[in-house]
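Peer 1: My structure is stored as input-v1.pdb, with PDB, C-alpha atoms and all ligand atoms.
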ATOM      1  CA  MET D  18       3.544  -5.701  29.735  1.00  0.00           C
ATOM      2  CA  LYS D  19       5.037  -3.011  31.962  1.00  0.00           C
ATOM      3  CA  GLY D  20       6.913  -1.206  29.208  1.00  0.00           C
ATOM      4  CA  LEU D  21      10.039  -1.404  27.114  1.00  0.00           C
ATOM      5  CA  ARG D  22      12.399  -0.253  29.846  1.00  0.00           C
ATOM      6  CA  ARG D  23      11.492  -3.269  31.961  1.00  0.00           C
ATOM      7  CA  ALA D  24      12.114  -5.596  29.004  1.00  0.00           C
ATOM      8  CA  ILE D  25      15.545  -4.016  28.503  1.00  0.00           C
ATOM      9  CA  LEU D  26      16.441  -4.512  32.161  1.00  0.00           C
ATOM     10  CA  ILE D  27      15.475  -8.171  31.965  1.00  0.00           C
ATOM     11  CA  GLY D  28      17.850  -8.512  28.992  1.00  0.00           C
ATOM     12  CA  ALA D  29      20.599  -6.347  30.509  1.00  0.00           C
ATOM     13  CA  THR D  30      22.193  -9.242  32.397  1.00  0.00           C
ATOM     14  CA  LEU D  31      22.799 -11.031  29.084  1.00  0.00           C
ATOM     15  CA  ILE D  32      24.057  -7.925  27.310  1.00  0.00           C
ATOM     16  CA  GLY D  33      26.798  -6.938  29.757  1.00  0.00           C
ATOM     17  CA  ASN D  34      28.867  -3.940  28.756  1.00  0.00           C
ATOM     18  CA  GLU D  35      27.775  -3.771  25.112  1.00  0.00           C
ATOM     19  CA  PRO D  36      25.610  -1.349  23.140  1.00  0.00           C
ATOM     20  CA  LEU D  37      22.165  -2.687  22.378  1.00  0.00           C
ATOM     21  CA  ALA D  38      19.939  -2.365  19.301  1.00  0.00           C
ATOM     22  CA  ILE D  39      16.220  -2.381  19.962  1.00  0.00           C
ATOM     23  CA  ILE D  40      13.680  -3.258  17.283  1.00  0.00           C
ATOM     24  CA  LEU D  41       9.946  -3.037  17.921  1.00  0.00           C
ATOM     25  CA  ALA D  42       8.228  -5.073  15.275  1.00  0.00           C
ATOM     26  CA  ASP D  43       5.102  -2.927  14.951  1.00  0.00           C
ATOM     27  CA  ASP D  44       7.272  -0.393  13.109  1.00  0.00           C
ATOM     28  CA  TYR D  45       8.300  -2.597  10.193  1.00  0.00           C
ATOM     29  CA  CYS D  46      11.084  -1.186   8.000  1.00  0.00           C
ATOM     30  CA  VAL D  47      12.422  -2.269   4.631  1.00  0.00           C
ATOM     31  CA  SER D  48      15.298  -0.795   2.696  1.00  0.00           C
ATOM     32  CA  ALA D  49      16.872  -1.374  -0.689  1.00  0.00           C
ATOM     33  CA  ASN D  50      20.423  -2.170   0.389  1.00  0.00           C
ATOM     34  CA  ASP D  51      21.645  -1.700   3.935  1.00  0.00           C
ATOM     35  CA  SER D  52      19.091  -2.766   6.557  1.00  0.00           C
ATOM     36  CA  VAL D  53      17.946  -0.058   8.948  1.00  0.00           C
ATOM     37  CA  LEU D  54      19.820  -1.885  11.730  1.00  0.00           C
ATOM     38  CA  SER D  55      23.028  -1.950   9.720  1.00  0.00           C
ATOM     39  CA  GLN D  56      22.675   1.773   8.888  1.00  0.00           C
ATOM     40  CA  ARG D  57      22.353   2.576  12.591  1.00  0.00           C
ATOM     41  CA  VAL D  58      25.238   0.322  13.598  1.00  0.00           C
ATOM     42  CA  LYS D  59      27.494   2.177  11.126  1.00  0.00           C
ATOM     43  CA  LEU D  60      26.398   5.491  12.614  1.00  0.00           C
ATOM     44  CA  TYR D  61      26.959   4.154  16.130  1.00  0.00           C
ATOM     45  CA  GLU D  62      30.505   3.142  15.218  1.00  0.00           C
ATOM     46  CA  ILE D  63      31.241   6.776  14.352  1.00  0.00           C
ATOM     47  CA  HIS D  64      29.365   8.567  17.165  1.00  0.00           C
ATOM     48  CA  GLN D  65      29.252   5.940  19.988  1.00  0.00           C
ATOM     49  CA  CYS D  66      26.046   7.346  21.483  1.00  0.00           C
ATOM     50  CA  SER D  67      22.338   6.584  21.695  1.00  0.00           C
ATOM     51  CA  ILE D  68      20.593   6.721  18.330  1.00  0.00           C
ATOM     52  CA  VAL D  69      16.896   6.943  17.540  1.00  0.00           C
ATOM     53  CA  ALA D  70      15.521   6.394  14.052  1.00  0.00           C
ATOM     54  CA  ILE D  71      13.332   9.260  12.846  1.00  0.00           C
ATOM     55  CA  GLU D  72      11.088   9.856   9.874  1.00  0.00           C
ATOM     56  CA  GLU D  73       9.329  12.911   8.434  1.00  0.00           C
ATOM     57  CA  VAL D  74       5.581  12.507   8.784  1.00  0.00           C
ATOM     58  CA  PRO D  75       2.811  14.675   7.276  1.00  0.00           C
ATOM     59  CA  GLU D  76       1.970  17.721   9.424  1.00  0.00           C
ATOM     60  CA  GLY D  77      -1.568  16.404   9.960  1.00  0.00           C
ATOM     61  CA  GLU D  78      -0.308  13.153  11.509  1.00  0.00           C
ATOM     62  CA  THR D  79       2.183  14.456  14.062  1.00  0.00           C
ATOM     63  CA  TYR D  80      -0.295  13.861  16.921  1.00  0.00           C
ATOM     64  CA  ARG D  81       0.165  10.100  16.447  1.00  0.00           C
ATOM     65  CA  TYR D  82       3.912  10.116  17.204  1.00  0.00           C
ATOM     66  CA  GLY D  83       6.682  11.017  19.545  1.00  0.00           C
ATOM     67  CA  LEU D  84       8.425  13.996  17.885  1.00  0.00           C
ATOM     68  CA  ILE D  85      11.929  15.330  18.235  1.00  0.00           C
ATOM     69  CA  ASP D  86      13.312  18.825  18.527  1.00  0.00           C
ATOM     70  CA  GLY D  87      16.959  19.386  17.745  1.00  0.00           C
ATOM     71  CA  VAL D  88      19.592  20.769  15.444  1.00  0.00           C
ATOM     72  CA  ILE D  89      20.790  19.215  12.254  1.00  0.00           C
ATOM     73  CA  GLU D  90      24.447  18.095  12.505  1.00  0.00           C
ATOM     74  CA  GLU D  91      24.817  16.693   9.029  1.00  0.00           C
ATOM     75  CA  GLU D  92      22.435  15.519   6.363  1.00  0.00           C
ATOM     76  CA  GLY D  93      19.827  13.280   7.992  1.00  0.00           C
ATOM     77  CA  ILE D  94      21.442  13.429  11.454  1.00  0.00           C
ATOM     78  CA  TYR D  95      20.037  15.559  14.291  1.00  0.00           C
ATOM     79  CA  ARG D  96      21.354  16.257  17.788  1.00  0.00           C
ATOM     80  CA  ILE D  97      18.130  15.871  19.770  1.00  0.00           C
ATOM     81  CA  SER D  98      17.331  18.415  22.496  1.00  0.00           C
ATOM     82  CA  ASN D  99      13.749  17.412  23.301  1.00  0.00           C
ATOM     83  CA  MET D 100      11.227  14.680  22.612  1.00  0.00           C
ATOM     84  CA  VAL D 101       7.490  15.239  22.931  1.00  0.00           C
ATOM     85  CA  GLU D 102       5.088  12.320  22.980  1.00  0.00           C
ATOM     86  CA  LYS D 103       1.980  12.761  20.789  1.00  0.00           C
ATOM     87  CA  PRO D 104       1.528  16.552  21.158  1.00  0.00           C
ATOM     88  CA  VAL D 105      -1.471  18.525  19.938  1.00  0.00           C
ATOM     89  CA  PRO D 106      -0.569  20.019  16.522  1.00  0.00           C
ATOM     90  CA  GLU D 107       0.208  23.502  17.875  1.00  0.00           C
ATOM     91  CA  ASP D 108       2.762  22.056  20.327  1.00  0.00           C
ATOM     92  CA  ALA D 109       4.550  19.860  17.760  1.00  0.00           C
ATOM     93  CA  PRO D 110       8.264  20.809  17.807  1.00  0.00           C
ATOM     94  CA  SER D 111       8.787  19.359  14.296  1.00  0.00           C
ATOM     95  CA  ASN D 112       7.352  16.764  11.951  1.00  0.00           C
ATOM     96  CA  LEU D 113      10.237  14.381  12.688  1.00  0.00           C
ATOM     97  CA  ALA D 114       8.685  11.321  14.273  1.00  0.00           C
ATOM     98  CA  ILE D 115      10.436   8.795  16.477  1.00  0.00           C
ATOM     99  CA  ILE D 116      10.419   5.321  14.953  1.00  0.00           C
ATOM    100  CA  ARG D 117      10.846   2.434  17.343  1.00  0.00           C
ATOM    101  CA  ARG D 118      14.357   1.532  16.311  1.00  0.00           C
ATOM    102  CA  TYR D 119      16.910   2.511  18.934  1.00  0.00           C
ATOM    103  CA  ILE D 120      20.529   1.944  19.800  1.00  0.00           C
ATOM    104  CA  ILE D 121      21.394   2.506  23.436  1.00  0.00           C
ATOM    105  CA  THR D 122      24.734   2.485  25.199  1.00  0.00           C
ATOM    106  CA  PRO D 123      25.372   0.243  28.229  1.00  0.00           C
ATOM    107  CA  ASP D 124      26.264   3.207  30.464  1.00  0.00           C
ATOM    108  CA  ILE D 125      22.589   4.143  30.536  1.00  0.00           C
ATOM    109  CA  PHE D 126      21.466   0.917  32.234  1.00  0.00           C
ATOM    110  CA  ASP D 127      21.903   2.662  35.591  1.00  0.00           C
ATOM    111  CA  THR D 128      19.777   5.611  34.409  1.00  0.00           C
ATOM    112  CA  ILE D 129      17.209   3.076  33.257  1.00  0.00           C
ATOM    113  CA  ARG D 130      17.227   1.441  36.704  1.00  0.00           C
ATOM    114  CA  ASN D 131      17.000   4.760  38.550  1.00  0.00           C
ATOM    115  CA  THR D 132      14.249   6.466  36.529  1.00  0.00           C
ATOM    116  CA  PRO D 133      10.885   6.054  38.265  1.00  0.00           C
ATOM    117  CA  PRO D 134       7.882   4.624  36.393  1.00  0.00           C
ATOM    118  CA  SER D 135       5.689   7.060  34.454  1.00  0.00           C
ATOM    119  CA  LYS D 136       2.357   8.256  35.821  1.00  0.00           C
ATOM    120  CA  ASN D 137       0.488   5.248  34.425  1.00  0.00           C
ATOM    121  CA  GLY D 138       2.940   2.845  36.108  1.00  0.00           C
ATOM    122  CA  GLU D 139       4.665   1.893  32.850  1.00  0.00           C
ATOM    123  CA  ILE D 140       8.419   1.762  32.707  1.00  0.00           C
ATOM    124  CA  GLN D 141       9.049   3.216  29.250  1.00  0.00           C
ATOM    125  CA  ILE D 142      12.334   3.973  27.515  1.00  0.00           C
ATOM    126  CA  ALA D 143      11.072   7.405  26.358  1.00  0.00           C
ATOM    127  CA  ASP D 144      11.554   8.888  29.866  1.00  0.00           C
ATOM    128  CA  VAL D 145      15.190   7.778  29.897  1.00  0.00           C
ATOM    129  CA  GLN D 146      15.871   8.981  26.382  1.00  0.00           C
ATOM    130  CA  LEU D 147      14.430  12.371  27.175  1.00  0.00           C
ATOM    131  CA  LYS D 148      16.851  12.694  30.106  1.00  0.00           C
ATOM    132  CA  LEU D 149      19.777  11.819  27.832  1.00  0.00           C
ATOM    133  CA  ALA D 150      18.504  14.026  25.001  1.00  0.00           C
ATOM    134  CA  LYS D 151      18.391  17.020  27.351  1.00  0.00           C
ATOM    135  CA  GLN D 152      22.105  16.372  27.964  1.00  0.00           C
ATOM    136  CA  GLY D 153      22.723  16.301  24.178  1.00  0.00           C
ATOM    137  CA  LYS D 154      23.527  12.587  24.185  1.00  0.00           C
ATOM    138  CA  VAL D 155      21.016  11.281  21.630  1.00  0.00           C
ATOM    139  CA  LEU D 156      21.173  11.441  17.847  1.00  0.00           C
ATOM    140  CA  GLY D 157      18.162  11.207  15.559  1.00  0.00           C
ATOM    141  CA  TYR D 158      18.813   9.423  12.293  1.00  0.00           C
ATOM    142  CA  LYS D 159      16.608   9.721   9.207  1.00  0.00           C
ATOM    143  CA  PHE D 160      17.057   6.188   7.958  1.00  0.00           C
ATOM    144  CA  LYS D 161      17.037   5.218   4.298  1.00  0.00           C
ATOM    145  CA  GLY D 162      14.068   2.971   3.679  1.00  0.00           C
ATOM    146  CA  LYS D 163      10.360   2.723   4.154  1.00  0.00           C
ATOM    147  CA  ARG D 164       8.419   2.162   7.354  1.00  0.00           C
ATOM    148  CA  PHE D 165       5.078   0.447   7.755  1.00  0.00           C
ATOM    149  CA  ASP D 166       2.953   1.023  10.833  1.00  0.00           C
ATOM    150  CA  CYS D 167       1.878  -2.530  11.644  1.00  0.00           C
ATOM    151  CA  GLY D 168      -0.229  -1.198  14.494  1.00  0.00           C
ATOM    152  CA  SER D 169      -2.777  -0.158  11.832  1.00  0.00           C
ATOM    153  CA  ILE D 170      -4.653  -2.513   9.525  1.00  0.00           C
ATOM    154  CA  ASP D 171      -3.509  -0.704   6.363  1.00  0.00           C
ATOM    155  CA  GLY D 172       0.106  -0.656   7.511  1.00  0.00           C
ATOM    156  CA  TYR D 173       0.036  -4.344   8.407  1.00  0.00           C
ATOM    157  CA  ILE D 174      -1.484  -5.332   5.051  1.00  0.00           C
ATOM    158  CA  ASN D 175       0.964  -3.144   3.109  1.00  0.00           C
ATOM    159  CA  ALA D 176       3.924  -4.579   5.055  1.00  0.00           C
ATOM    160  CA  THR D 177       2.716  -8.120   4.352  1.00  0.00           C
ATOM    161  CA  ASN D 178       2.257  -7.365   0.652  1.00  0.00           C
ATOM    162  CA  ILE D 179       5.662  -5.752   0.185  1.00  0.00           C
ATOM    163  CA  THR D 180       7.437  -8.554   2.056  1.00  0.00           C
ATOM    164  CA  TYR D 181       5.663 -11.146  -0.088  1.00  0.00           C
ATOM    165  CA  ALA D 182       6.516  -9.214  -3.269  1.00  0.00           C
ATOM    166  CA  LEU D 183      10.183  -8.838  -2.256  1.00  0.00           C
ATOM    167  CA  GLU D 184      10.471 -12.577  -1.493  1.00  0.00           C
ATOM    168  CA  LYS D 185       8.897 -13.457  -4.867  1.00  0.00           C
ATOM    169  CA  THR D 186      11.312 -11.100  -6.630  1.00  0.00           C
ATOM    170  CA  LYS D 187      14.260 -12.773  -4.889  1.00  0.00           C
ATOM    171  CA  GLU D 188      12.973 -16.254  -5.796  1.00  0.00           C
ATOM    172  CA  ALA D 189      12.538 -15.186  -9.430  1.00  0.00           C
ATOM    173  CA  ALA D 190      16.109 -13.884  -9.524  1.00  0.00           C
ATOM    174  CA  LEU D 191      17.591 -17.221  -8.340  1.00  0.00           C
TER     175      LEU D 191
HETATM  176  C1  LIG O 201       5.034   4.602  19.864  1.00  0.00           C
HETATM  177  C2  LIG O 201       5.897   5.635  20.561  1.00  0.00           C
HETATM  178  C3  LIG O 201       6.013   6.903  19.704  1.00  0.00           C
HETATM  179  C4  LIG O 201       6.514   6.549  18.314  1.00  0.00           C
HETATM  180  C5  LIG O 201       5.585   5.493  17.689  1.00  0.00           C
HETATM  181  C6  LIG O 201       6.144   5.042  16.347  1.00  0.00           C
HETATM  182  O1  LIG O 201       3.695   5.009  19.840  1.00  0.00           O
HETATM  183  O2  LIG O 201       5.329   5.924  21.830  1.00  0.00           O
HETATM  184  O3  LIG O 201       6.960   7.775  20.313  1.00  0.00           O
HETATM  185  O4  LIG O 201       6.569   7.708  17.494  1.00  0.00           O
HETATM  186  O5  LIG O 201       5.502   4.342  18.539  1.00  0.00           O
HETATM  187  O6  LIG O 201       5.356   4.039  15.788  1.00  0.00           O
HETATM  188  P1  LIG O 201       2.530   3.917  19.574  1.00  0.00           P
HETATM  189  O7  LIG O 201       2.536   3.658  18.087  1.00  0.00           O
HETATM  190  O8  LIG O 201       2.882   2.697  20.351  1.00  0.00           O
HETATM  191  O9  LIG O 201       1.272   4.580  20.014  1.00  0.00           O
END
Take the structure I supplied and represent it as structure tokens, if you would.
Ligand code: G1P

Peer 2:
Amino acid sequence: MKGLRRAILIGATLIGNEPLAIILADDYCVSANDSVLSQRVKLYEIHQCSIVAIEEVPEGETYRYGLIDGVIEEEGIYRISNMVEKPVPEDAPSNLAIIRRYIITPDIFDTIRNTPPSKNGEIQIADVQLKLAKQGKVLGYKFKGKRFDCGSIDGYINATNITYALEKTKEAAL
């Protein structure tokens, strides 16, 4: 209830000195081959740093998302320098939206502990990631797959339909 950062800290004692993948189910992702988690784990194995999944969104919808600013390092991979939460269109740094699929490294647990709550009292991960991004320690990864916004009725229905259709296709193939 108090934000993702608090949930991570509750889990931190179980995680120990390991990197951690975070999946928020209201962003539901499907992909043809490698899952979005597996894609990020492979990237983590190369870069060993925090990774945030990103997706291009239409210019007219940027106000609904956290957006990144950064430089492209290789195809689909950005070194993030700033993250702006739900800006008005004229302040949008890009149309690359943050999707709630993260990998974080255990060395940031202390930063998580020491970052004060946001103005509304929530203890969100975005504040911590912004700190790290400003130090050049976060990569944005344009994952291969499709995302459904299950926080909207249309997104939830479409996610349900595609999951049902994929299961039926698998059953038919067996
Ligand atoms: C949250 C995050 C935002 C992110 C979005 C993706 O917003 O705060 O940075 O882009 O999820 O779905 P929410 O959808 O909870 O308003």

Peer 1: Using atom CA of D:Ile129 and atom CA of D:Ile142 as the two end points, give the distance in Å to one decimal.

Peer 2: 7.6 Å

Peer 1: Quick one: which residues end up in the PyMOL selection byres (((chain D and resi 97-103) around 12) and not hetatm) for this structure, as a PyMOL selection string?

Peer 2: chain D and resi 66-71+77-90+94-96+104-116+141-158

Peer 1: Rank D:Ala29, D:Phe165, D:Asp44, D:Arg22 by their smallest atom-to-atom distance to D:Thr177, using all atoms listed in the file, and report the top residue only.

Peer 2: D:Phe165

Peer 1: Take every atom of ligand LIG 201 (chain O) listed in the file, fit an axis-aligned box around them, add 4 Å per side, and give the centre and edge lengths in Å to one decimal as JSON.

Peer 2:
{"center_x": 4.1, "center_y": 5.2, "center_z": 18.8, "size_x": 13.7, "size_y": 13.1, "size_z": 14.0}

Peer 1: If I take atom O8 of ligand LIG 201 (chain O) and atom CA of D:Cys46, how far is one from the other in Å, to one decimal?

Peer 2: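 We find that atom O8 of ligand LIG 201 (chain O) and atom CA of D:Cys46 lie 15.3 Å from each other.
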
Peer 1: Using all atoms listed in the file, pick whichever of D:Ala24, D:Val74, D:Val58, D:Ala38 has the shortest atom-to-atom distance to D:Asp166.

Peer 2: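 Counting all atoms listed in the file, the residue closest to D:Asp166 is D:Val74.
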
Peer 1: Have a look at atom C5 of ligand LIG 201 (chain O) and atom CA of D:Val53 and let me know their distance in Å, one decimal.

Peer 2: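 Value for the atom C5 of ligand LIG 201 (chain O)-atom CA of D:Val53 distance: 16.1 Å.
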
Peer 1: I need the residue nearest ligand LIG 201 (chain O) from this list: D:Arg117, D:Glu72, D:Asn34, D:Leu41. Use all atoms listed in the file for the distance.

Peer 2: D:Arg117

Peer 1: For ligand LIG 201 (chain O), which of D:Asp171, D:Asp124, D:Glu184, D:Asp43 is the closest residue, counting only C-alpha atoms and all ligand atoms?

Peer 2: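 Answer, going by the shortest atom-to-atom distance: D:Asp43.
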
Peer 1: With distances taken over all atoms listed in the file, which of D:Glu139, D:Glu92, D:Lys187, D:Pro133 is nearest to ligand LIG 201 (chain O)?

Peer 2: D:Glu139

Peer 1: Of the residues D:Glu73, D:Glu188, D:Glu91, D:Asp127, which is the one nearest to ligand LIG 201 (chain O), using only C-alpha atoms and all ligand atoms?

Peer 2: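 Closest to ligand LIG 201 (chain O), using only C-alpha atoms and all ligand atoms: D:Glu73.
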
Peer 1: Do you know which residues are at most 12 Å from D:Glu62 counting only C-alpha atoms, after dropping those on the same chain fewer than 6 positions away, and could you put them as a list in words?

Peer 2: Pro36, Ser55, Gln56, Ile68, Ile120 and Thr122 of chain D

Peer 1: Starting from the incomplete input, reconstruct all heavy atoms of stretch 122-133 of chain D and write that as a compact mmCIF listing (two decimals), in the coordinates of the input.

Peer 2:
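For reference, out-v4.txt as written:
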# COMPACT_ATOMS: atom_id res chain seq x y z
N THR D 122 23.40 2.82 24.71
CA THR D 122 24.73 2.48 25.20
C THR D 122 24.61 1.87 26.60
O THR D 122 23.69 2.21 27.34
CB THR D 122 25.62 3.75 25.25
OG1 THR D 122 24.88 4.76 25.95
CG2 THR D 122 25.94 4.25 23.86
N PRO D 123 25.53 0.95 26.95
CA PRO D 123 25.37 0.24 28.23
C PRO D 123 25.47 1.15 29.45
O PRO D 123 24.93 0.83 30.50
CB PRO D 123 26.51 -0.78 28.22
CG PRO D 123 27.49 -0.25 27.24
CD PRO D 123 26.73 0.53 26.22
N ASP D 124 26.13 2.32 29.30
CA ASP D 124 26.26 3.21 30.46
C ASP D 124 24.91 3.78 30.91
O ASP D 124 24.82 4.38 31.97
CB ASP D 124 27.25 4.35 30.16
CG ASP D 124 26.84 5.13 28.93
OD1 ASP D 124 26.52 4.49 27.91
OD2 ASP D 124 26.80 6.37 28.98
N ILE D 125 23.88 3.58 30.08
CA ILE D 125 22.59 4.14 30.54
C ILE D 125 21.74 3.12 31.29
O ILE D 125 20.64 3.44 31.74
CB ILE D 125 21.78 4.81 29.40
CG1 ILE D 125 21.23 3.79 28.43
CG2 ILE D 125 22.58 5.86 28.70
CD1 ILE D 125 20.15 4.42 27.54
N PHE D 126 22.26 1.89 31.46
CA PHE D 126 21.47 0.92 32.23
C PHE D 126 21.16 1.44 33.64
O PHE D 126 20.08 1.24 34.16
CB PHE D 126 22.16 -0.44 32.32
CG PHE D 126 22.17 -1.19 31.00
CD1 PHE D 126 23.25 -1.97 30.63
CD2 PHE D 126 21.08 -1.11 30.14
CE1 PHE D 126 23.25 -2.65 29.42
CE2 PHE D 126 21.07 -1.79 28.93
CZ PHE D 126 22.16 -2.56 28.56
N ASP D 127 22.14 2.13 34.24
CA ASP D 127 21.90 2.66 35.59
C ASP D 127 20.82 3.73 35.57
O ASP D 127 19.96 3.77 36.44
CB ASP D 127 23.19 3.25 36.19
CG ASP D 127 24.06 2.13 36.74
OD1 ASP D 127 23.52 1.02 36.93
OD2 ASP D 127 25.26 2.37 36.95
N THR D 128 20.84 4.59 34.53
CA THR D 128 19.78 5.61 34.41
C THR D 128 18.44 4.90 34.24
O THR D 128 17.43 5.30 34.81
CB THR D 128 20.04 6.51 33.17
OG1 THR D 128 21.39 6.90 33.17
CG2 THR D 128 19.15 7.73 33.16
N ILE D 129 18.45 3.84 33.46
CA ILE D 129 17.21 3.08 33.26
C ILE D 129 16.70 2.54 34.60
O ILE D 129 15.52 2.65 34.92
CB ILE D 129 17.45 1.91 32.26
CG1 ILE D 129 17.73 2.47 30.86
CG2 ILE D 129 16.26 0.97 32.23
CD1 ILE D 129 17.97 1.42 29.80
N ARG D 130 17.63 2.00 35.40
CA ARG D 130 17.23 1.44 36.70
C ARG D 130 16.69 2.53 37.63
O ARG D 130 15.75 2.30 38.38
CB ARG D 130 18.43 0.77 37.39
CG ARG D 130 18.77 -0.56 36.77
CD ARG D 130 19.84 -1.31 37.56
NE ARG D 130 20.27 -2.44 36.75
CZ ARG D 130 21.33 -2.45 35.95
NH1 ARG D 130 22.12 -1.40 35.89
NH2 ARG D 130 21.61 -3.50 35.22
N ASN D 131 17.31 3.72 37.55
CA ASN D 131 17.00 4.76 38.55
C ASN D 131 15.91 5.74 38.14
O ASN D 131 15.61 6.67 38.87
CB ASN D 131 18.28 5.55 38.88
CG ASN D 131 19.30 4.64 39.52
OD1 ASN D 131 18.94 3.68 40.19
ND2 ASN D 131 20.58 4.91 39.28
N THR D 132 15.33 5.56 36.94
CA THR D 132 14.25 6.47 36.53
C THR D 132 12.92 5.87 36.99
O THR D 132 12.63 4.71 36.69
CB THR D 132 14.25 6.63 34.98
OG1 THR D 132 15.56 7.04 34.60
CG2 THR D 132 13.24 7.66 34.53
N PRO D 133 12.14 6.63 37.74
CA PRO D 133 10.88 6.05 38.26
C PRO D 133 9.87 5.79 37.15
O PRO D 133 9.97 6.38 36.07
CB PRO D 133 10.37 7.14 39.22
CG PRO D 133 11.07 8.38 38.83
CD PRO D 133 12.34 8.02 38.15
